[in-house]
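So this block is my_file21.txt, compact mmCIF, C-alpha atoms:
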```txt
# COMPACT_ATOMS: atom_id res chain seq x y z
CA MET A 30 138.98 40.13 149.60
CA ASN A 31 142.18 42.08 150.26
CA ARG A 32 142.29 45.80 150.49
CA ARG A 33 143.84 46.31 146.99
CA LYS A 34 141.17 44.21 145.23
CA TRP A 35 138.42 45.95 147.19
CA ALA A 36 139.69 49.39 146.09
CA GLY A 37 139.84 48.28 142.42
CA TRP A 38 136.30 46.88 142.51
CA LEU A 39 134.95 50.09 144.13
CA LEU A 40 136.63 52.29 141.47
CA THR A 41 135.08 50.18 138.67
CA CYS A 42 131.61 50.58 140.18
CA MET A 43 131.99 54.35 140.45
CA LEU A 44 133.05 54.64 136.80
CA LEU A 45 130.08 52.53 135.68
CA VAL A 46 127.63 54.71 137.60
CA THR A 47 129.14 57.86 136.01
CA VAL A 48 128.77 56.47 132.48
CA ILE A 49 125.14 55.44 133.09
CA ALA A 50 124.30 58.87 134.52
CA GLY A 51 125.89 60.63 131.54
CA CYS A 52 123.92 58.54 129.06
CA SER A 53 120.61 59.09 130.83
CA GLY A 54 121.12 62.89 130.68
CA SER A 55 121.50 63.08 126.87
CA ASN A 56 117.69 63.08 126.22
CA PRO A 57 117.53 61.71 122.63
CA PRO A 58 114.61 63.03 120.47
CA ALA A 59 111.34 61.21 121.00
CA ALA A 60 109.88 59.46 117.96
CA THR A 61 106.56 60.61 116.54
CA SER A 62 103.77 58.23 115.68
CA GLY A 63 105.12 58.23 112.10
CA GLY A 64 108.58 57.19 113.24
CA GLU A 65 110.13 60.60 112.48
CA GLU A 66 111.84 62.93 114.91
CA ASN A 67 109.55 65.35 116.71
CA THR A 68 110.92 68.72 115.65
CA GLU A 69 107.89 70.78 116.79
CA SER A 70 109.19 74.15 115.51
CA LYS A 71 112.90 73.64 114.95
CA GLY A 72 113.02 70.73 117.39
CA ASN A 73 112.66 70.63 121.13
CA GLY A 74 110.44 73.74 121.11
CA GLU A 75 113.28 76.03 120.08
CA LYS A 76 112.08 79.60 119.51
CA VAL A 77 112.37 80.88 115.94
CA ALA A 78 112.47 84.60 115.06
CA LEU A 79 111.69 85.42 111.43
CA LYS A 80 112.60 88.74 109.83
CA MET A 81 110.20 90.25 107.29
CA ALA A 82 111.18 93.30 105.22
CA MET A 83 108.73 95.57 103.40
CA TRP A 84 108.25 99.11 102.14
CA ASP A 85 105.28 101.43 101.87
CA SER A 86 104.76 105.17 101.78
CA ASN A 87 101.63 104.83 103.95
CA ASN A 88 102.56 104.82 107.64
CA ASP A 89 99.16 103.46 108.65
CA PHE A 90 99.60 100.45 106.39
CA ILE A 91 103.09 99.76 107.74
CA THR A 92 101.66 99.88 111.26
CA PHE A 93 98.88 97.48 110.28
CA VAL A 94 101.27 94.89 108.82
CA THR A 95 103.70 95.23 111.74
CA GLU A 96 100.96 94.58 114.29
CA LYS A 97 99.17 91.93 112.25
CA VAL A 98 102.15 89.61 111.87
CA LYS A 99 102.64 89.62 115.61
CA GLU A 100 99.40 87.65 115.83
CA TYR A 101 101.14 84.70 114.20
CA SER A 102 102.68 83.83 117.56
CA SER A 103 99.21 82.94 118.81
CA VAL A 104 99.00 80.39 115.99
CA ASN A 105 102.54 79.11 116.36
CA PRO A 106 103.92 80.09 119.79
CA ASN A 107 107.43 79.00 118.83
CA VAL A 108 107.68 81.44 115.92
CA SER A 109 107.74 85.24 116.07
CA VAL A 110 107.85 87.59 113.09
CA GLU A 111 109.51 90.99 113.20
CA VAL A 112 108.88 93.57 110.46
CA GLU A 113 111.53 95.96 109.16
CA SER A 114 109.94 98.71 107.06
CA PHE A 115 111.13 101.33 104.58
CA LYS A 116 109.28 104.41 103.34
CA SER A 117 110.20 104.01 99.67
CA ASP A 118 110.94 101.12 97.33
CA SER A 119 114.18 102.82 96.20
CA ASP A 120 115.59 102.94 99.74
CA TYR A 121 114.41 99.39 100.31
CA LEU A 122 116.01 98.10 97.10
CA GLN A 123 119.33 99.73 97.91
CA ALA A 124 119.38 98.13 101.38
CA ILE A 125 118.37 94.71 100.07
CA LYS A 126 121.06 94.73 97.40
CA VAL A 127 123.71 95.46 100.03
CA ARG A 128 122.42 92.66 102.24
CA ALA A 129 122.23 90.22 99.35
CA GLY A 130 125.94 90.82 98.72
CA GLY A 131 126.68 89.96 102.34
CA GLY A 132 124.35 86.97 102.58
CA ALA A 133 122.24 88.76 105.19
CA LEU A 134 118.80 88.92 103.59
CA PRO A 135 115.65 88.78 105.73
CA ASP A 136 113.74 85.49 105.86
CA VAL A 137 110.69 86.96 104.11
CA MET A 138 111.33 89.79 101.67
CA GLU A 139 109.07 92.00 99.61
CA LEU A 140 109.75 92.44 95.89
CA LYS A 141 108.41 94.25 92.87
CA PRO A 142 107.72 92.14 89.76
CA ASN A 143 110.62 93.64 87.81
CA TRP A 144 113.05 92.69 90.59
CA LEU A 145 112.29 88.97 90.49
CA ALA A 146 114.81 88.13 87.77
CA ASP A 147 117.56 90.06 89.59
CA PHE A 148 116.94 88.21 92.87
CA LYS A 149 116.08 84.75 91.55
CA ASP A 150 119.31 83.27 92.91
CA GLN A 151 118.56 84.69 96.37
CA LEU A 152 115.09 83.11 96.58
CA ILE A 153 113.75 79.59 97.08
CA PRO A 154 110.92 78.13 94.95
CA LEU A 155 107.48 78.37 96.54
CA ASP A 156 105.52 75.98 94.30
CA ASP A 157 104.90 73.71 97.29
CA VAL A 158 103.25 76.48 99.32
CA GLY A 159 99.53 75.72 99.25
CA VAL A 160 98.24 79.26 98.71
CA VAL A 161 100.05 79.49 95.37
CA ALA A 162 97.26 77.40 93.83
CA THR A 163 94.65 80.10 94.49
CA ASN A 164 96.80 83.08 93.49
CA LYS A 165 95.67 84.60 90.20
CA TYR A 166 99.08 85.79 89.06
CA ALA A 167 101.84 83.77 90.76
CA LYS A 168 102.47 81.45 87.80
CA THR A 169 102.35 84.34 85.34
CA TYR A 170 105.45 85.74 87.07
CA ALA A 171 107.26 82.40 87.45
CA ILE A 172 111.01 82.45 86.76
CA ASP A 173 112.27 79.48 84.74
CA GLY A 174 108.96 77.77 85.44
CA LYS A 175 109.19 78.21 89.22
CA VAL A 176 107.18 80.49 91.48
CA MET A 177 109.80 82.47 93.38
CA ALA A 178 107.49 84.97 95.10
CA ILE A 179 103.78 85.37 95.78
CA PRO A 180 102.03 88.56 94.58
CA SER A 181 99.81 90.16 97.21
CA VAL A 182 97.74 92.67 95.23
CA SER A 183 96.77 93.90 91.81
CA PHE A 184 95.47 97.30 90.82
CA PRO A 185 94.72 99.44 87.79
CA GLU A 186 96.89 102.37 86.80
CA LEU A 187 94.59 105.38 86.69
CA VAL A 188 94.41 109.01 85.65
CA TYR A 189 92.95 111.02 88.54
CA TYR A 190 91.10 114.28 88.06
CA HIS A 191 88.87 116.73 89.90
CA PRO A 192 85.32 116.53 88.49
CA SER A 193 84.63 120.06 89.73
CA ILE A 194 87.43 121.44 87.51
CA PHE A 195 86.20 119.49 84.49
CA GLU A 196 82.70 120.84 85.11
CA GLU A 197 83.96 124.38 85.61
CA LEU A 198 85.96 124.31 82.37
CA LYS A 199 83.35 122.24 80.49
CA LEU A 200 85.77 119.40 79.75
CA GLU A 201 84.91 115.84 78.75
CA VAL A 202 86.81 112.79 79.97
CA PRO A 203 89.27 111.90 77.17
CA THR A 204 89.35 108.41 75.66
CA THR A 205 92.16 108.88 73.09
CA TRP A 206 95.66 110.37 73.28
CA PRO A 207 94.79 113.42 71.10
CA GLN A 208 91.79 114.12 73.32
CA PHE A 209 94.00 113.82 76.41
CA LEU A 210 96.39 116.45 75.02
CA GLU A 211 93.44 118.67 74.10
CA VAL A 212 92.15 118.55 77.68
CA LEU A 213 95.59 119.39 79.12
CA THR A 214 95.99 122.26 76.66
CA ALA A 215 92.54 123.67 77.49
CA ILE A 216 93.40 123.69 81.21
CA LYS A 217 96.71 125.42 80.47
CA GLU A 218 95.03 128.08 78.36
CA ASP A 219 92.50 128.81 81.11
CA GLY A 220 95.41 129.55 83.44
CA THR A 221 93.67 128.78 86.75
CA TYR A 222 95.18 125.34 87.35
CA ILE A 223 98.33 123.39 86.56
CA PRO A 224 97.08 120.88 83.98
CA TYR A 225 99.21 117.89 85.05
CA ALA A 226 101.12 117.39 88.34
CA MET A 227 104.26 115.46 87.38
CA GLY A 228 106.86 115.42 90.21
CA GLY A 229 109.70 114.92 87.74
CA LYS A 230 112.41 115.71 90.26
CA ASP A 231 112.02 112.18 91.62
CA ALA A 232 111.98 110.52 88.17
CA TRP A 233 109.67 107.64 89.08
CA PRO A 234 106.37 109.59 88.68
CA ASP A 235 106.85 109.55 84.89
CA TYR A 236 106.41 105.74 84.80
CA PRO A 237 102.82 105.86 83.41
CA PHE A 238 104.39 107.36 80.30
CA ASN A 239 108.03 106.33 79.86
CA GLU A 240 107.63 102.83 81.27
CA PHE A 241 104.08 101.84 80.38
CA LEU A 242 103.31 103.56 77.09
CA PRO A 243 105.69 101.53 74.83
CA HIS A 244 104.58 98.33 76.54
CA ILE A 245 100.87 98.92 76.05
CA LEU A 246 101.21 100.27 72.48
CA SER A 247 103.03 97.07 71.52
CA ASP A 248 99.81 95.15 72.32
CA ASN A 249 102.10 92.43 73.66
CA GLU A 250 102.25 91.67 77.39
CA ASN A 251 105.65 89.98 76.82
CA TYR A 252 106.99 93.02 74.97
CA LEU A 253 109.97 93.56 77.28
CA SER A 254 111.19 89.98 76.95
CA ASP A 255 110.87 90.21 73.17
CA LEU A 256 113.13 93.28 73.11
CA ALA A 257 116.01 90.99 74.04
CA LYS A 258 115.60 89.14 70.72
CA GLU A 259 116.25 92.26 68.61
CA ASP A 260 119.42 94.22 67.91
CA THR A 261 117.72 97.60 67.39
CA PRO A 262 114.32 97.62 69.16
CA PHE A 263 114.18 101.36 69.88
CA GLY A 264 114.30 103.07 66.49
CA GLU A 265 111.72 104.50 64.15
CA GLY A 266 108.81 102.17 63.47
CA THR A 267 109.01 100.41 66.84
CA PRO A 268 106.46 100.65 69.68
CA PHE A 269 109.16 102.34 71.76
CA TYR A 270 109.74 105.09 69.21
CA GLN A 271 106.03 105.65 68.60
CA ALA A 272 105.33 105.85 72.32
CA TYR A 273 108.19 108.23 73.02
CA GLN A 274 107.03 110.50 70.22
CA GLN A 275 103.62 110.65 71.94
CA ILE A 276 105.28 111.36 75.27
CA ALA A 277 107.37 114.13 73.72
CA GLU A 278 104.16 115.80 72.52
CA MET A 279 102.98 116.03 76.10
CA TYR A 280 106.33 116.96 77.67
CA ASN A 281 106.91 119.72 75.10
CA ALA A 282 103.41 121.19 75.45
CA GLY A 283 104.15 123.01 78.71
CA VAL A 284 101.27 121.34 80.54
CA MET A 285 103.19 120.17 83.63
CA GLY A 286 103.61 123.49 85.38
CA PRO A 287 106.48 125.98 85.18
CA ASP A 288 109.15 123.59 86.55
CA PRO A 289 108.21 119.89 86.42
CA LEU A 290 111.81 118.84 87.14
CA GLY A 291 111.93 121.08 90.21
CA VAL A 292 108.91 119.47 91.87
CA GLY A 293 109.18 116.15 93.73
CA ALA A 294 106.55 113.44 93.97
CA ASP A 295 105.21 114.53 97.36
CA GLN A 296 104.95 118.12 96.20
CA ALA A 297 103.12 117.04 93.05
CA ASN A 298 100.68 115.01 95.14
CA ASP A 299 100.03 118.02 97.34
CA LEU A 300 99.48 120.26 94.30
CA PHE A 301 96.83 117.87 93.05
CA ILE A 302 95.19 117.22 96.42
CA SER A 303 94.96 120.95 97.14
CA LYS A 304 93.33 121.49 93.70
CA GLN A 305 96.17 123.59 92.37
CA ALA A 306 96.59 120.91 89.69
CA ALA A 307 93.76 119.29 87.73
CA ILE A 308 95.15 115.88 86.72
CA MET A 309 97.75 113.32 87.76
CA ALA A 310 98.35 109.62 87.05
CA SER A 311 99.18 106.92 89.56
CA GLY A 312 98.20 103.48 90.78
CA LEU A 313 95.16 102.77 92.92
CA TRP A 314 97.41 103.06 95.98
CA PHE A 315 97.09 106.86 95.66
CA VAL A 316 93.44 106.84 96.76
CA PRO A 317 94.05 106.31 100.52
CA THR A 318 96.85 108.90 100.35
CA TYR A 319 94.41 111.39 98.85
CA GLN A 320 91.68 110.57 101.35
CA GLY A 321 94.07 110.86 104.28
CA LYS A 322 95.07 114.39 103.29
CA ALA A 323 91.82 115.69 101.76
CA GLY A 324 89.56 114.07 104.34
CA ASN A 325 87.18 112.64 101.73
CA LEU A 326 86.92 111.52 98.09
CA ASP A 327 84.12 113.91 97.13
CA ASP A 328 86.07 115.63 94.34
CA LEU A 329 88.13 112.70 93.06
CA ALA A 330 87.42 110.56 90.01
CA ALA A 331 89.52 108.57 87.55
CA PHE A 332 89.66 107.34 83.98
CA PRO A 333 91.93 104.89 82.09
CA MET A 334 95.03 106.48 80.60
CA PRO A 335 93.98 106.90 76.92
CA TYR A 336 97.17 105.65 75.28
CA ARG A 337 95.37 104.72 72.05
CA PRO A 338 95.65 107.02 69.02
CA ASN A 339 91.97 106.81 68.06
CA GLU A 340 88.68 105.20 69.04
CA ASP A 341 89.08 102.42 66.46
CA SER A 342 91.74 100.89 68.71
CA PRO A 343 90.77 99.13 71.96
CA LEU A 344 91.11 101.13 75.17
CA LYS A 345 93.54 99.15 77.31
CA LEU A 346 93.94 99.50 81.05
CA MET A 347 97.34 98.71 82.54
CA MET A 348 96.95 96.34 85.47
CA PHE A 349 99.89 96.14 87.83
CA THR A 350 100.60 93.24 90.19
CA ASP A 351 102.68 94.17 93.19
CA HIS A 352 103.93 93.49 96.72
CA PHE A 353 105.41 90.07 96.02
CA TYR A 354 106.77 88.15 99.01
CA GLY A 355 109.51 85.56 98.72
CA ILE A 356 111.72 83.57 101.07
CA SER A 357 115.46 84.16 100.89
CA SER A 358 117.77 81.26 100.15
CA THR A 359 119.91 82.29 103.13
CA SER A 360 117.03 81.83 105.60
CA LYS A 361 117.86 79.34 108.35
CA HIS A 362 114.16 78.64 108.82
CA PRO A 363 112.60 78.15 105.36
CA GLU A 364 109.91 75.72 106.52
CA GLU A 365 108.81 78.07 109.29
CA ALA A 366 108.76 80.92 106.77
CA LYS A 367 106.57 78.87 104.40
CA ALA A 368 104.16 78.08 107.23
CA PHE A 369 103.99 81.78 108.08
CA MET A 370 103.18 82.64 104.45
CA GLU A 371 100.38 80.04 104.44
CA TRP A 372 98.89 81.89 107.42
CA PHE A 373 99.59 85.37 106.01
CA TYR A 374 97.68 84.56 102.80
CA SER A 375 94.90 82.58 104.46
CA PRO A 376 91.50 84.08 103.50
CA GLU A 377 90.76 85.60 106.92
CA VAL A 378 94.15 87.28 107.33
CA TYR A 379 94.50 88.24 103.67
CA LYS A 380 91.07 89.89 103.67
CA GLU A 381 92.23 92.24 106.42
CA TYR A 382 95.48 92.92 104.55
CA LEU A 383 93.55 93.73 101.37
CA ASN A 384 91.18 96.10 103.13
CA ALA A 385 94.08 97.88 104.80
CA ALA A 386 95.93 98.18 101.48
CA GLN A 387 92.77 99.36 99.68
CA LEU A 388 93.86 97.53 96.53
CA ASP A 389 92.44 94.77 94.35
CA SER A 390 92.72 91.08 95.18
CA ALA A 391 95.39 88.72 93.83
CA PHE A 392 93.61 85.60 95.14
CA GLU A 393 90.62 83.66 93.93
CA GLY A 394 87.68 83.75 96.33
CA VAL A 395 88.68 86.96 98.10
CA GLU A 396 87.22 90.22 96.86
CA SER A 397 88.42 93.70 97.71
CA GLU A 398 86.13 96.23 99.35
CA VAL A 399 87.18 99.49 97.72
CA PRO A 400 84.13 101.62 96.79
CA PHE A 401 86.23 103.94 94.61
CA LEU A 402 87.48 100.97 92.59
CA LYS A 403 84.00 99.50 92.18
CA SER A 404 82.74 102.83 90.88
CA PHE A 405 85.60 103.05 88.42
CA TYR A 406 84.99 99.53 87.11
CA ALA A 407 81.28 100.29 86.69
CA GLU A 408 81.80 103.56 84.81
CA HIS A 409 84.43 102.59 82.22
CA GLN A 410 84.80 100.04 79.46
CA TYR A 411 88.30 98.78 78.65
CA GLU A 412 90.48 95.72 78.13
CA ASN A 413 92.85 94.66 80.90
CA PHE A 414 96.55 94.63 79.99
CA ILE A 415 98.80 92.93 82.55
CA TYR A 416 102.23 94.41 83.14
CA ILE A 417 104.80 91.61 82.83
CA PRO A 418 108.47 92.47 83.41
CA GLY A 419 111.21 91.30 81.11
CA ASP A 420 112.78 87.85 81.42
CA ALA A 421 116.37 87.05 82.44
CA ALA A 422 117.74 87.88 78.97
CA TYR A 423 116.06 91.30 78.99
CA THR A 424 117.21 91.95 82.56
CA GLU A 425 120.79 91.07 81.66
CA LEU A 426 120.81 93.41 78.67
CA SER A 427 119.04 96.29 80.42
CA ASN A 428 121.46 96.00 83.34
CA ALA A 429 124.41 95.92 80.96
CA ILE A 430 123.45 99.25 79.40
CA GLN A 431 122.03 100.63 82.66
CA LEU A 432 118.64 101.22 81.03
CA ASP A 433 116.49 103.49 83.21
CA VAL A 434 113.36 104.58 81.34
CA LYS A 435 112.29 106.89 84.15
CA ALA A 436 115.60 108.76 83.92
CA LEU A 437 114.98 108.99 80.17
CA GLY A 438 111.74 110.77 81.02
CA GLN A 439 113.68 113.35 83.00
CA GLU A 440 116.04 113.83 80.04
CA MET A 441 113.06 114.35 77.76
CA MET A 442 111.62 116.97 80.13
CA ALA A 443 115.02 118.67 79.99
CA GLY A 444 114.87 118.74 76.18
CA LYS A 445 116.57 115.59 74.86
CA SER A 446 115.05 114.44 71.57
CA VAL A 447 113.47 111.05 70.92
CA ASP A 448 115.81 110.51 67.96
CA ASP A 449 118.89 110.99 70.15
CA ILE A 450 117.50 108.66 72.82
CA ALA A 451 116.64 105.95 70.28
CA LYS A 452 120.04 106.22 68.58
CA ASP A 453 121.93 105.94 71.88
CA LEU A 454 119.85 103.00 73.10
CA ASN A 455 120.13 101.05 69.86
CA ALA A 456 123.91 101.43 69.78
CA LYS A 457 124.30 100.28 73.40
CA TRP A 458 121.76 97.46 73.01
CA THR A 459 123.39 96.07 69.85
CA GLU A 460 126.81 96.10 71.53
CA ALA A 461 125.45 94.41 74.66
CA ARG A 462 123.89 91.63 72.57
CA LYS A 463 127.23 91.04 70.84
CA ASN A 464 128.98 90.70 74.20
CA LYS A 465 126.48 88.26 75.75
```

Can the structure from this file be put into structure tokens for me?
Amino acid sequence: MNRRKWAGWLLTCMLLVTVIAGCSGSNPPAATSGGEENTESKGNGEKVALKMAMWDSNNDFITFVTEKVKEYSSVNPNVSVEVESFKSDSDYLQAIKVRAGGGALPDVMELKPNWLADFKDQLIPLDDVGVVATNKYAKTYAIDGKVMAIPSVSFPELVYYHPSIFEELKLEVPTTWPQFLEVLTAIKEDGTYIPYAMGGKDAWPDYPFNEFLPHILSDNENYLSDLAKEDTPFGEGTPFYQAYQQIAEMYNAGVMGPDPLGVGADQANDLFISKQAAIMASGLWFVPTYQGKAGNLDDLAAFPMPYRPNEDSPLKLMMFTDHFYGISSTSKHPEEAKAFMEWFYSPEVYKEYLNAAQLDSAFEGVESEVPFLKSFYAEHQYENFIYIPGDAAYTELSNAIQLDVKALGQEMMAGKSVDDIAKDLNAKWTEARKNK
């Protein structure tokens, strides 16, 4: 073989070796026993970091959730979960809306029931997540027939009072709206205590009245959705008008202290906890807040808000379902997020969550351990009334007219009449329906 042929043959061999080496270094995915690619967690053991966003006013509960989700890495070493927390739902909602506009939502996001319709396009359906089957309320809050988020807790809305004050002033627990006003008036006339701690400066503390009272007087859990079917649902003769007339009785009676609009929610809580105020209304979530500041529950009791006009009507107790968790449609790891939610709501983990939250269970087979709640259930007779937010049509209309019932409560405390409120709302609502 001459020198030129030898050089050509050697070059060919070298090129062949290079090609073989390159192919052997590509490491194609190994097949599983089922013939599918072995993705482990995102394939080849790639580490996945999930973001979870939540809010809560209780620092201890935020700490619990933050530390608890870290344990998921011991179950799935390839997945870590990082919690971002907010102190209030208003701050949280503002941040989430901004991120939704930029396509930067967290993988797992907390929601209130009345936000579900607004965020339905930013969430993925969760009907295939196994724990949905044992959730008591998930399907009740489905959007267009699909479960978009899983509710974590339920709880009654309560009226809290100091038994020692009731005993001192010889007051009976009221079971009707007129009796409720009589109790508040008697406390005012005594002059020792503020009858009702409102916190109107922050608007939201008036929700047991301005948000819930029309709903519960309608005797229709789908009341809000049905509003969207009417042109003038706020005027005289409607549940809204009747409820707001009742509310005006209370707001105009001077039973919320000298300046209810000058006192914020935290200040109102402190007035009640320090026994400067006799009564306040809130969800069950207030109990651990009270205990944390007062040190015990020795002088705390509760009764159902007596919305009914007389004892011939059933006494209904508003039950609120809250702390929904959904998975954002922009998540790059939806399957990992679903697996995390299966773990998060597994009976062992969920039981710890429930005990830390000190609220009632949203899942079959898991019971809460809240002595205060058990005592309340044992002492009172009532009918449960589940708060269900309005559907997409209601949400569209309420957004169009910027309906904020809590802000209406502030306007009522400042002196605006029910007739003026009803007239304004009907005009805006009718126009919004025409422009749909």

Skip stretch 221-235 of chain A itself and residues of its chain fewer than 4 positions away, then list as a PyMOL selection string all residues within 9 Å of it, counting only C-alpha atoms. chain A and resi 194+212-217+239-240+284-298+300-301+304-311+434-439+442

What is the atom CA of A:Glu250-atom CA of A:Pro418 distance in Å, reported with one decimal? 8.7 Å

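One distance worth recording is that between atom CA of A:Tyr273 and atom CA of A:Ser183, which is 26.2 Å.
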
Give the answer as one residue: which of A:Tyr354, A:Tyr379, A:Tyr166, A:Tyr190 has the shortest atom-to-atom distance to A:Tyr319, using all atoms listed in the file? A:Tyr190

Go through A:Leu155, A:Ala162, A:Val182, A:Val104 and flag the residue nearest A:Pro142, using all atoms listed in the file for the distances. A:Val182

Straight-line distance linking atom CA of A:Asn428 with atom CA of A:Gly312, stated in Å to one decimal: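 Spanning atom CA of A:Asn428 to atom CA of A:Gly312 is a straight-line distance of 25.5 Å.
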
Of A:Val137, A:Met83, A:Pro185, A:Val77, the one nearest to A:Met370 when counting all atoms listed in the file is A:Val137

Tell me, as a PyMOL selection string, which residues lie within 8 Å of A:Phe353, counting all atoms listed in the file; anything in the same chain fewer than 2 positions away does not count. chain A and resi 139-142+178-181+351+355

Within-9 Å shell of (111.1, 88.5, 86.3) in input frame, all atoms listed in the file, as a list in words: Pro142, Asn143, Trp144, Leu145, Ala146, Asp147, Phe148, Lys149, Tyr170, Ala171, Ile172, Ile417, Pro418, Gly419, Asp420, Ala421 and Thr424 of chain A

Using all atoms listed in the file, give me every residue within 12 Å of (118.2, 112.2, 69.8) in file coordinates, as a list in words.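 Within 12 Å of (118.2, 112.2, 69.8), the protein and nucleic acid residues are Phe263, Gly264, Glu265, Tyr270, Tyr273, Gln274, Ala277, Leu437, Glu440, Met441, Gly444, Lys445, Ser446, Val447, Asp448, Asp449, Ile450, Ala451, Lys452, Asp453, Leu454 and Asn455 of chain A.
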
Using only C-alpha atoms, pick whichever of A:Glu211, A:Glu408, A:Ser303, A:Lys175 has the shortest atom-to-atom distance to A:His191. A:Ser303

Contacts of stretch 326-335 of chain A at 10 Å or less, counting all atoms listed in the file, minus same-chain residues fewer than 6 places along, as a PDB file with C-alpha atoms, keeping the file's coordinate frame?
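Generated output (part.pdb):
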```pdb
ATOM      1  CA  PRO A 185      94.720  99.440  87.790  1.00  0.00           C
ATOM      2  CA  GLU A 186      96.890 102.370  86.800  1.00  0.00           C
ATOM      3  CA  LEU A 187      94.590 105.380  86.690  1.00  0.00           C
ATOM      4  CA  VAL A 188      94.410 109.010  85.650  1.00  0.00           C
ATOM      5  CA  TYR A 189      92.950 111.020  88.540  1.00  0.00           C
ATOM      6  CA  TYR A 190      91.100 114.280  88.060  1.00  0.00           C
ATOM      7  CA  HIS A 191      88.870 116.730  89.900  1.00  0.00           C
ATOM      8  CA  PRO A 192      85.320 116.530  88.490  1.00  0.00           C
ATOM      9  CA  SER A 193      84.630 120.060  89.730  1.00  0.00           C
ATOM     10  CA  ILE A 194      87.430 121.440  87.510  1.00  0.00           C
ATOM     11  CA  VAL A 202      86.810 112.790  79.970  1.00  0.00           C
ATOM     12  CA  PRO A 203      89.270 111.900  77.170  1.00  0.00           C
ATOM     13  CA  THR A 204      89.350 108.410  75.660  1.00  0.00           C
ATOM     14  CA  THR A 205      92.160 108.880  73.090  1.00  0.00           C
ATOM     15  CA  TRP A 206      95.660 110.370  73.280  1.00  0.00           C
ATOM     16  CA  PRO A 207      94.790 113.420  71.100  1.00  0.00           C
ATOM     17  CA  GLN A 208      91.790 114.120  73.320  1.00  0.00           C
ATOM     18  CA  PHE A 209      94.000 113.820  76.410  1.00  0.00           C
ATOM     19  CA  PRO A 237     102.820 105.860  83.410  1.00  0.00           C
ATOM     20  CA  PHE A 238     104.390 107.360  80.300  1.00  0.00           C
ATOM     21  CA  LEU A 242     103.310 103.560  77.090  1.00  0.00           C
ATOM     22  CA  ILE A 302      95.190 117.220  96.420  1.00  0.00           C
ATOM     23  CA  LYS A 304      93.330 121.490  93.700  1.00  0.00           C
ATOM     24  CA  ILE A 308      95.150 115.880  86.720  1.00  0.00           C
ATOM     25  CA  MET A 309      97.750 113.320  87.760  1.00  0.00           C
ATOM     26  CA  ALA A 310      98.350 109.620  87.050  1.00  0.00           C
ATOM     27  CA  SER A 311      99.180 106.920  89.560  1.00  0.00           C
ATOM     28  CA  LEU A 313      95.160 102.770  92.920  1.00  0.00           C
ATOM     29  CA  VAL A 316      93.440 106.840  96.760  1.00  0.00           C
ATOM     30  CA  PRO A 317      94.050 106.310 100.520  1.00  0.00           C
ATOM     31  CA  TYR A 319      94.410 111.390  98.850  1.00  0.00           C
ATOM     32  CA  GLN A 320      91.680 110.570 101.350  1.00  0.00           C
ATOM     33  CA  PRO A 343      90.770  99.130  71.960  1.00  0.00           C
ATOM     34  CA  LEU A 344      91.110 101.130  75.170  1.00  0.00           C
ATOM     35  CA  LYS A 345      93.540  99.150  77.310  1.00  0.00           C
ATOM     36  CA  LEU A 346      93.940  99.500  81.050  1.00  0.00           C
ATOM     37  CA  MET A 347      97.340  98.710  82.540  1.00  0.00           C
ATOM     38  CA  PHE A 401      86.230 103.940  94.610  1.00  0.00           C
ATOM     39  CA  LEU A 402      87.480 100.970  92.590  1.00  0.00           C
ATOM     40  CA  SER A 404      82.740 102.830  90.880  1.00  0.00           C
ATOM     41  CA  PHE A 405      85.600 103.050  88.420  1.00  0.00           C
ATOM     42  CA  TYR A 406      84.990  99.530  87.110  1.00  0.00           C
ATOM     43  CA  GLU A 408      81.800 103.560  84.810  1.00  0.00           C
ATOM     44  CA  HIS A 409      84.430 102.590  82.220  1.00  0.00           C
ATOM     45  CA  GLN A 410      84.800 100.040  79.460  1.00  0.00           C
ATOM     46  CA  TYR A 411      88.300  98.780  78.650  1.00  0.00           C
TER      47      TYR A 411
END
```

Test item: residues at most 10 Å from stretch 110-127 of chain A, all atoms listed in the file, excluding those fewer than 4 positions along its chain, as a count of residues only: 40

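Taking all atoms listed in the file into account, A:Thr267 lies nearest to A:His244 out of the set A:Lys403, A:His244, A:Lys380, A:Lys165.
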